[in-house]
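S.K.: A single structure is presented below for examination.
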Amino acid sequence: MNRTAPTTRATVRRQSARARYDQAAIDAILDEGLVAHVGFVSEGQPYVIPMAYARDGDRLLLHGSSASRLLTTLATGAAVCATITLLDGLVVARSVFNHSMNYRSVVIFGRARALQETDEKRSGLKRITEHLVQGRWNDARQPSETELSATSVMSLPLEEVSVKIRGGPPVDAPADYASSSWAGVIPIQTVFEAPLPDPKLGPSVAAPVGVTSYHRPTKRT
Ligand SMILES: Cc1cc2nc3c(=O)[nH]c(=O)nc-3n(C[C@H](O)[C@H](O)[C@H](O)COP(=O)(O)OP(=O)(O)OC[C@H]3O[C@@H](n4cnc5c(N)ncnc54)[C@H](O)[C@@H]3O)c2cc1C
């Protein structure tokens, strides 16, 4: 079900038929994606920083060194804009003008809050780890107190969010459909290849199922 945008700035204006605002569309993209581009302004300079993330219910979790500019700026309650993009195809049109991409993308506006309690931080890090590779939190050594205190975990509410989805063939100008130029879509899929064991791994250490059968949840809504 499509809903209306939560705010004016989160309302898709260009190609508004491609907009979605429902939780299912938001969650599907966030759960499949791996990289968030996080934008903020520090001392008048805009930065957009790529990083790992995880969705935890109705919030996006980010983490990093407590000393990083990104995390210290976010911890002041600075305005944030985060995007997550899944690329589904290259759209090859009859005209150069109408070349495009098929995609599913999310834009999130808001202000992040630093998780303060150790238990809250730990469960945030668990979500981020499990988003990357399922089962990893229990398979790997968990963070020490020192590692925990060197790490900030930020929570960005999923309250002001837009989704935009482009699918299907190119949209050419009517006169161009008579053209002999090829047109169509080159689909894109992310492929996770067979895992490469660390050369320093002992011979008796088998890869867990979360590694050998690695896959992302794919739910095109
Ligand atoms: C992989 C990819 C490639 C793209 N390439 C181009 C390109 O080369 N040129 C180009 O002009 N556009 C491109 N777009 C579309 C682009 O993201 C914008 O939607 C478009 O440029 C309109 O921008 P605007 O600021 O005028 O949008 P507006 O409709 O005015 O934006 C208003 C609000 O809509 C929401 N919104 C806008 N775009 C998106 C989005 N993609 N996903 C989720 N929410 C969104 C935001 O909340 C934003 O604040 C691309 C998108 C993707 C994902």
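Please note that chains go A, B, ... in the order of the structure tokens, that every chain numbers its residues from 1, and that ligands are numbered from 1 in the order shown.
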Using only C-alpha atoms and all ligand atoms, which protein or nucleic acid residues are at most 6 Å from ligand 1, as a compact mmCIF listing (two decimals) with N, CA and C atoms, in the first residue's frame?
M.R.:
```txt
# COMPACT_ATOMS: atom_id res chain seq x y z
N ARG A 9 9.55 17.99 2.53
CA ARG A 9 10.86 17.75 1.92
C ARG A 9 11.06 16.28 1.53
N ALA A 10 10.25 15.39 2.10
CA ALA A 10 10.37 13.97 1.73
C ALA A 10 9.38 13.59 0.63
N THR A 11 8.73 14.57 0.03
CA THR A 11 7.77 14.29 -1.05
C THR A 11 8.49 14.28 -2.40
N VAL A 12 8.39 13.17 -3.09
CA VAL A 12 9.02 13.05 -4.41
C VAL A 12 8.22 13.91 -5.39
N ARG A 13 8.88 14.83 -6.05
CA ARG A 13 8.20 15.70 -7.03
C ARG A 13 8.48 15.22 -8.44
N ARG A 14 9.73 15.01 -8.76
CA ARG A 14 10.07 14.54 -10.11
C ARG A 14 9.71 13.08 -10.24
N THR A 85 20.81 2.72 -2.01
CA THR A 85 20.42 2.51 -3.41
C THR A 85 20.71 1.09 -3.84
N LEU A 87 20.82 -1.08 -7.37
CA LEU A 87 20.82 -0.86 -8.82
C LEU A 87 20.32 -2.13 -9.51
N MET A 101 18.58 4.45 -15.47
CA MET A 101 18.90 3.27 -14.66
C MET A 101 17.62 2.79 -14.00
N TYR A 103 16.24 1.22 -10.60
CA TYR A 103 16.77 1.27 -9.23
C TYR A 103 15.64 1.21 -8.22
N SER A 105 15.52 3.04 -4.41
CA SER A 105 16.33 3.87 -3.51
C SER A 105 15.48 4.46 -2.39
N VAL A 106 16.18 4.74 -1.30
CA VAL A 106 15.55 5.28 -0.10
C VAL A 106 16.29 6.55 0.31
N VAL A 107 15.56 7.59 0.66
CA VAL A 107 16.15 8.80 1.24
C VAL A 107 15.54 8.99 2.63
N SER A 162 11.49 8.59 2.08
CA SER A 162 10.87 8.40 0.76
C SER A 162 11.57 7.26 0.03
N VAL A 163 10.78 6.59 -0.80
CA VAL A 163 11.31 5.54 -1.67
C VAL A 163 11.01 5.96 -3.09
N LYS A 164 11.96 5.69 -3.98
CA LYS A 164 11.70 5.91 -5.41
C LYS A 164 12.16 4.65 -6.14
```
S.K.: Write out as a ChimeraX atom specification each polymer residue whose atoms come within 12 Å of region 144-157 of chain A, counting only C-alpha atoms; drop sequence neighbours fewer than 2 positions from it.
M.R.: /A:38,52-82,108-128,141-142,159-161
S.K.: Determine, for each residue of region 94-142 of chain A having at least one atom at most 10 Å from an atom of region 182-192 of chain A, the closest pair of atoms and their separation in Å to one decimal, counting only C-alpha atoms; order by chain and ascending number, as a tab-separated table.
M.R.:
```
residue	atom	partner	partner_atom	distance
A:Arg94	CA	A:Ala183	CA	5.5
A:Ser95	CA	A:Ala183	CA	8.9
A:His99	CA	A:Ala183	CA	9.2
A:Ser100	CA	A:Val185	CA	9.3
A:Met101	CA	A:Val185	CA	8.5
A:Asn102	CA	A:Pro187	CA	8.3
A:Tyr103	CA	A:Ile188	CA	9.8
```
S.K.: May I have the selected residues written with N, CA and C atoms, as a compact mmCIF listing (two decimals), in the first residue's frame?
M.R.:
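Here's the written file selection05.txt:
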```
# COMPACT_ATOMS: atom_id res chain seq x y z
N ARG A 94 16.58 4.78 -27.09
CA ARG A 94 16.84 5.10 -28.50
C ARG A 94 17.50 6.46 -28.63
N SER A 95 17.29 7.30 -27.64
CA SER A 95 17.95 8.60 -27.64
C SER A 95 18.93 8.63 -26.47
N HIS A 99 18.50 7.68 -21.79
CA HIS A 99 19.20 6.62 -21.06
C HIS A 99 18.97 6.83 -19.56
N SER A 100 18.90 5.72 -18.85
CA SER A 100 18.56 5.85 -17.43
C SER A 100 19.06 4.61 -16.67
N MET A 101 18.58 4.45 -15.47
CA MET A 101 18.90 3.27 -14.66
C MET A 101 17.62 2.79 -14.00
N ASN A 102 17.50 1.48 -13.81
CA ASN A 102 16.44 0.93 -12.97
C ASN A 102 17.00 0.79 -11.56
N TYR A 103 16.24 1.22 -10.60
CA TYR A 103 16.77 1.27 -9.23
C TYR A 103 15.64 1.21 -8.22
```
S.K.: So that I can check the secondary structure, give me every residue of region 13-100 of chain A assigned helix (DSSP H, G or I) by backbone DSSP, as an NGL selection string.
M.R.: :A and (16-18 or 23-32 or 69-75 or 96-98)
S.K.: Just write the chosen residues, N, CA and C atoms, as a short mmCIF file (atom, residue, chain, number, x, y, z; two decimals), in the first residue's frame.
M.R.:
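As written to disk, part_32.cif reads:
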```
data_model
loop_
_atom_site.label_atom_id
_atom_site.label_comp_id
_atom_site.auth_asym_id
_atom_site.auth_seq_id
_atom_site.Cartn_x
_atom_site.Cartn_y
_atom_site.Cartn_z
N SER A 16 6.78 11.54 -9.76
CA SER A 16 6.18 11.19 -8.47
C SER A 16 5.46 9.84 -8.51
N ALA A 17 5.14 9.33 -9.71
CA ALA A 17 4.51 8.00 -9.80
C ALA A 17 5.48 6.90 -9.34
N ARG A 18 6.76 7.23 -9.30
CA ARG A 18 7.75 6.24 -8.85
C ARG A 18 7.94 6.26 -7.34
N GLN A 23 5.81 1.24 4.60
CA GLN A 23 6.83 0.54 5.40
C GLN A 23 7.41 -0.66 4.65
N ALA A 24 6.55 -1.39 3.92
CA ALA A 24 7.04 -2.60 3.24
C ALA A 24 8.10 -2.24 2.20
N ALA A 25 7.86 -1.17 1.46
CA ALA A 25 8.81 -0.76 0.42
C ALA A 25 10.11 -0.28 1.06
N ILE A 26 9.98 0.47 2.14
CA ILE A 26 11.18 0.99 2.83
C ILE A 26 12.00 -0.17 3.39
N ASP A 27 11.33 -1.07 4.11
CA ASP A 27 12.04 -2.17 4.77
C ASP A 27 12.73 -3.08 3.76
N ALA A 28 12.05 -3.36 2.64
CA ALA A 28 12.61 -4.30 1.65
C ALA A 28 13.94 -3.77 1.11
N ILE A 29 14.01 -2.48 0.84
CA ILE A 29 15.26 -1.91 0.29
C ILE A 29 16.33 -1.87 1.38
N LEU A 30 15.95 -1.42 2.55
CA LEU A 30 16.94 -1.32 3.63
C LEU A 30 17.49 -2.69 4.02
N ASP A 31 16.64 -3.71 3.97
CA ASP A 31 17.10 -5.04 4.39
C ASP A 31 17.98 -5.71 3.33
N GLU A 32 17.78 -5.33 2.06
CA GLU A 32 18.61 -5.92 1.00
C GLU A 32 19.95 -5.18 0.85
N ARG A 69 34.85 12.15 12.45
CA ARG A 69 34.09 13.39 12.24
C ARG A 69 32.62 13.08 12.05
N LEU A 70 32.35 12.04 11.27
CA LEU A 70 30.97 11.64 11.00
C LEU A 70 30.21 11.40 12.30
N LEU A 71 30.77 10.53 13.16
CA LEU A 71 30.03 10.15 14.37
C LEU A 71 29.97 11.29 15.38
N THR A 72 31.05 12.09 15.49
CA THR A 72 30.99 13.20 16.46
C THR A 72 30.00 14.26 15.99
N THR A 73 29.92 14.47 14.67
CA THR A 73 28.95 15.45 14.16
C THR A 73 27.53 14.95 14.40
N LEU A 74 27.29 13.69 14.06
CA LEU A 74 25.94 13.14 14.25
C LEU A 74 25.53 13.20 15.72
N ALA A 75 26.51 12.97 16.61
CA ALA A 75 26.20 12.95 18.05
C ALA A 75 25.75 14.32 18.57
N VAL A 96 20.00 9.35 -26.63
CA VAL A 96 20.98 9.50 -25.55
C VAL A 96 20.28 10.12 -24.33
N PHE A 97 19.38 11.05 -24.61
CA PHE A 97 18.68 11.81 -23.56
C PHE A 97 17.93 10.89 -22.60
N ASN A 98 17.35 9.81 -23.12
CA ASN A 98 16.48 8.97 -22.28
C ASN A 98 17.17 7.75 -21.68
#
```
S.K.: Could you please write out, as an MDAnalysis selection string, every residue of region 25-165 of chain A that DSSP assigns to strand (DSSP E)?
M.R.: chainID A and resid 36:42 45:51 54:56 59:65 79:92 100:111 113:114 151:157 160:165
S.K.: Output the selection as an mmCIF file, in the first residue's frame - C-alpha atoms for each residue.
M.R.:
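The file below, part_28.cif, is the result:
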```cif
data_model
loop_
_atom_site.group_PDB
_atom_site.id
_atom_site.type_symbol
_atom_site.label_atom_id
_atom_site.label_comp_id
_atom_site.auth_asym_id
_atom_site.auth_seq_id
_atom_site.Cartn_x
_atom_site.Cartn_y
_atom_site.Cartn_z
ATOM 1 C CA ALA A 36 24.342 3.783 3.232
ATOM 2 C CA HIS A 37 25.603 7.148 2.011
ATOM 3 C CA VAL A 38 25.282 9.475 4.976
ATOM 4 C CA GLY A 39 25.228 13.213 4.340
ATOM 5 C CA PHE A 40 25.763 15.945 6.925
ATOM 6 C CA VAL A 41 27.303 19.410 7.165
ATOM 7 C CA SER A 42 30.323 20.063 9.362
ATOM 8 C CA GLN A 45 31.196 21.799 4.429
ATOM 9 C CA PRO A 46 28.809 19.083 3.183
ATOM 10 C CA TYR A 47 30.121 15.506 3.428
ATOM 11 C CA VAL A 48 28.547 12.313 2.077
ATOM 12 C CA ILE A 49 30.177 9.265 3.629
ATOM 13 C CA PRO A 50 29.530 5.633 2.577
ATOM 14 C CA MET A 51 29.166 3.186 5.439
ATOM 15 C CA ALA A 54 21.323 -2.040 9.583
ATOM 16 C CA ARG A 55 17.614 -1.538 9.966
ATOM 17 C CA ASP A 56 16.372 -2.282 13.455
ATOM 18 C CA ARG A 59 15.290 2.952 13.005
ATOM 19 C CA LEU A 60 18.501 2.862 11.012
ATOM 20 C CA LEU A 61 21.643 1.972 12.942
ATOM 21 C CA LEU A 62 25.064 3.334 12.024
ATOM 22 C CA HIS A 63 28.335 2.717 13.796
ATOM 23 C CA GLY A 64 31.943 3.808 13.682
ATOM 24 C CA SER A 65 34.903 5.119 15.600
ATOM 25 C CA ALA A 79 20.684 17.204 10.478
ATOM 26 C CA VAL A 80 21.359 14.015 8.504
ATOM 27 C CA CYS A 81 20.284 12.772 5.100
ATOM 28 C CA ALA A 82 21.043 9.102 4.409
ATOM 29 C CA THR A 83 20.441 7.232 1.154
ATOM 30 C CA ILE A 84 20.503 3.552 0.269
ATOM 31 C CA THR A 85 20.415 2.512 -3.405
ATOM 32 C CA LEU A 86 19.949 -0.838 -5.128
ATOM 33 C CA LEU A 87 20.824 -0.863 -8.821
ATOM 34 C CA ASP A 88 18.633 -3.174 -10.939
ATOM 35 C CA GLY A 89 19.503 -2.323 -14.520
ATOM 36 C CA LEU A 90 20.970 -0.033 -17.128
ATOM 37 C CA VAL A 91 18.253 1.467 -19.284
ATOM 38 C CA VAL A 92 19.424 1.817 -22.870
ATOM 39 C CA SER A 100 18.564 5.847 -17.426
ATOM 40 C CA MET A 101 18.899 3.266 -14.664
ATOM 41 C CA ASN A 102 16.442 0.932 -12.969
ATOM 42 C CA TYR A 103 16.769 1.267 -9.233
ATOM 43 C CA ARG A 104 15.175 1.105 -5.820
ATOM 44 C CA SER A 105 16.326 3.868 -3.507
ATOM 45 C CA VAL A 106 15.546 5.285 -0.096
ATOM 46 C CA VAL A 107 16.153 8.799 1.239
ATOM 47 C CA ILE A 108 15.971 9.350 5.003
ATOM 48 C CA PHE A 109 15.969 12.729 6.745
ATOM 49 C CA GLY A 110 16.392 13.189 10.466
ATOM 50 C CA ARG A 111 18.669 13.537 13.423
ATOM 51 C CA ARG A 113 20.910 9.776 18.628
ATOM 52 C CA ALA A 114 23.912 8.035 20.138
ATOM 53 C CA THR A 151 32.706 2.654 19.000
ATOM 54 C CA SER A 152 29.694 4.909 18.637
ATOM 55 C CA VAL A 153 26.369 3.433 17.617
ATOM 56 C CA MET A 154 23.840 5.927 16.264
ATOM 57 C CA SER A 155 20.114 5.478 15.800
ATOM 58 C CA LEU A 156 18.339 7.415 13.035
ATOM 59 C CA PRO A 157 14.516 7.187 13.205
ATOM 60 C CA GLU A 160 10.852 10.977 7.339
ATOM 61 C CA VAL A 161 11.510 8.577 4.500
ATOM 62 C CA SER A 162 10.868 8.398 0.758
ATOM 63 C CA VAL A 163 11.308 5.545 -1.666
ATOM 64 C CA LYS A 164 11.695 5.913 -5.408
ATOM 65 C CA ILE A 165 11.600 2.913 -7.735
#
```
S.K.: Do a neighbour search on Thr212 (chain A) at 8 Å with only C-alpha atoms, toss out local chain neighbours closer than 5 positions, and write the hits as a list of chain:residue names.
M.R.: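 Selected residues are A:Ala194, A:Pro195, A:Ala207.
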S.K.: In terms of the shortest atom-to-atom distance over only C-alpha atoms, which of A:Arg20, A:Arg220, A:Tyr214, A:Thr4 is closest to Leu132 (chain A)?
M.R.: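 The answer is A:Tyr214, which sits nearest to Leu132 (chain A).
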S.K.: Applying 12 Å and only C-alpha atoms, which residues near Pro197 (chain A) remain after dropping the ones on its own chain fewer than 4 positions away? List them as a PDB file with N, CA and C atoms, in the first residue's frame.
M.R.:
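Wrote it out as around_13.pdb, contents follow:
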```
ATOM      1  N   LEU A 201      43.785 -19.194   8.291  1.00  0.00           N
ATOM      2  CA  LEU A 201      42.774 -20.021   8.955  1.00  0.00           C
ATOM      3  C   LEU A 201      43.328 -21.430   9.196  1.00  0.00           C
ATOM      4  N   GLY A 202      43.111 -21.963  10.396  1.00  0.00           N
ATOM      5  CA  GLY A 202      43.522 -23.337  10.688  1.00  0.00           C
ATOM      6  C   GLY A 202      42.754 -24.313   9.808  1.00  0.00           C
ATOM      7  N   PRO A 203      43.343 -25.471   9.453  1.00  0.00           N
ATOM      8  CA  PRO A 203      42.711 -26.403   8.517  1.00  0.00           C
ATOM      9  C   PRO A 203      41.404 -26.996   9.027  1.00  0.00           C
ATOM     10  N   SER A 204      41.212 -26.986  10.360  1.00  0.00           N
ATOM     11  CA  SER A 204      40.005 -27.632  10.897  1.00  0.00           C
ATOM     12  C   SER A 204      38.815 -26.679  10.996  1.00  0.00           C
ATOM     13  N   VAL A 205      38.999 -25.421  10.602  1.00  0.00           N
ATOM     14  CA  VAL A 205      37.899 -24.454  10.769  1.00  0.00           C
ATOM     15  C   VAL A 205      37.018 -24.438   9.525  1.00  0.00           C
ATOM     16  N   ALA A 206      35.810 -24.943   9.690  1.00  0.00           N
ATOM     17  CA  ALA A 206      34.865 -24.986   8.555  1.00  0.00           C
ATOM     18  C   ALA A 206      34.093 -23.673   8.476  1.00  0.00           C
ATOM     19  N   ALA A 207      33.727 -23.303   7.266  1.00  0.00           N
ATOM     20  CA  ALA A 207      32.925 -22.082   7.081  1.00  0.00           C
ATOM     21  C   ALA A 207      31.504 -22.339   7.552  1.00  0.00           C
ATOM     22  N   PRO A 208      30.923 -21.412   8.322  1.00  0.00           N
ATOM     23  CA  PRO A 208      29.536 -21.597   8.765  1.00  0.00           C
ATOM     24  C   PRO A 208      28.557 -21.395   7.617  1.00  0.00           C
ATOM     25  N   VAL A 211      28.011 -18.162   5.805  1.00  0.00           N
ATOM     26  CA  VAL A 211      29.061 -17.778   4.853  1.00  0.00           C
ATOM     27  C   VAL A 211      28.940 -18.613   3.575  1.00  0.00           C
ATOM     28  N   THR A 212      28.769 -19.932   3.745  1.00  0.00           N
ATOM     29  CA  THR A 212      28.740 -20.802   2.552  1.00  0.00           C
ATOM     30  C   THR A 212      27.480 -20.593   1.716  1.00  0.00           C
TER      31      THR A 212
END
```
S.K.: With distances taken over only C-alpha atoms, which residue among A:Ala5, A:Val171, A:Leu196, A:Ala178 lies nearest Ala93 (chain A)?
M.R.: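 Ranking A:Ala5, A:Val171, A:Leu196, A:Ala178 by distance to Ala93 (chain A), first place goes to A:Val171.
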S.K.: Considering only C-alpha atoms, state which residue in the set A:Val133, A:Leu34, A:Pro143, A:Leu158 is at the smallest distance from Pro6 (chain A).
M.R.: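 Nearest to Pro6 (chain A): A:Leu158.
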S.K.: Which residue, A:Gly33, A:Gly44, A:Pro217, A:Gly210, has the smallest gap to Asn138 (chain A) when you use only C-alpha atoms?
M.R.: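 Residue with the minimum atom-to-atom distance to Asn138 (chain A): A:Gly210.
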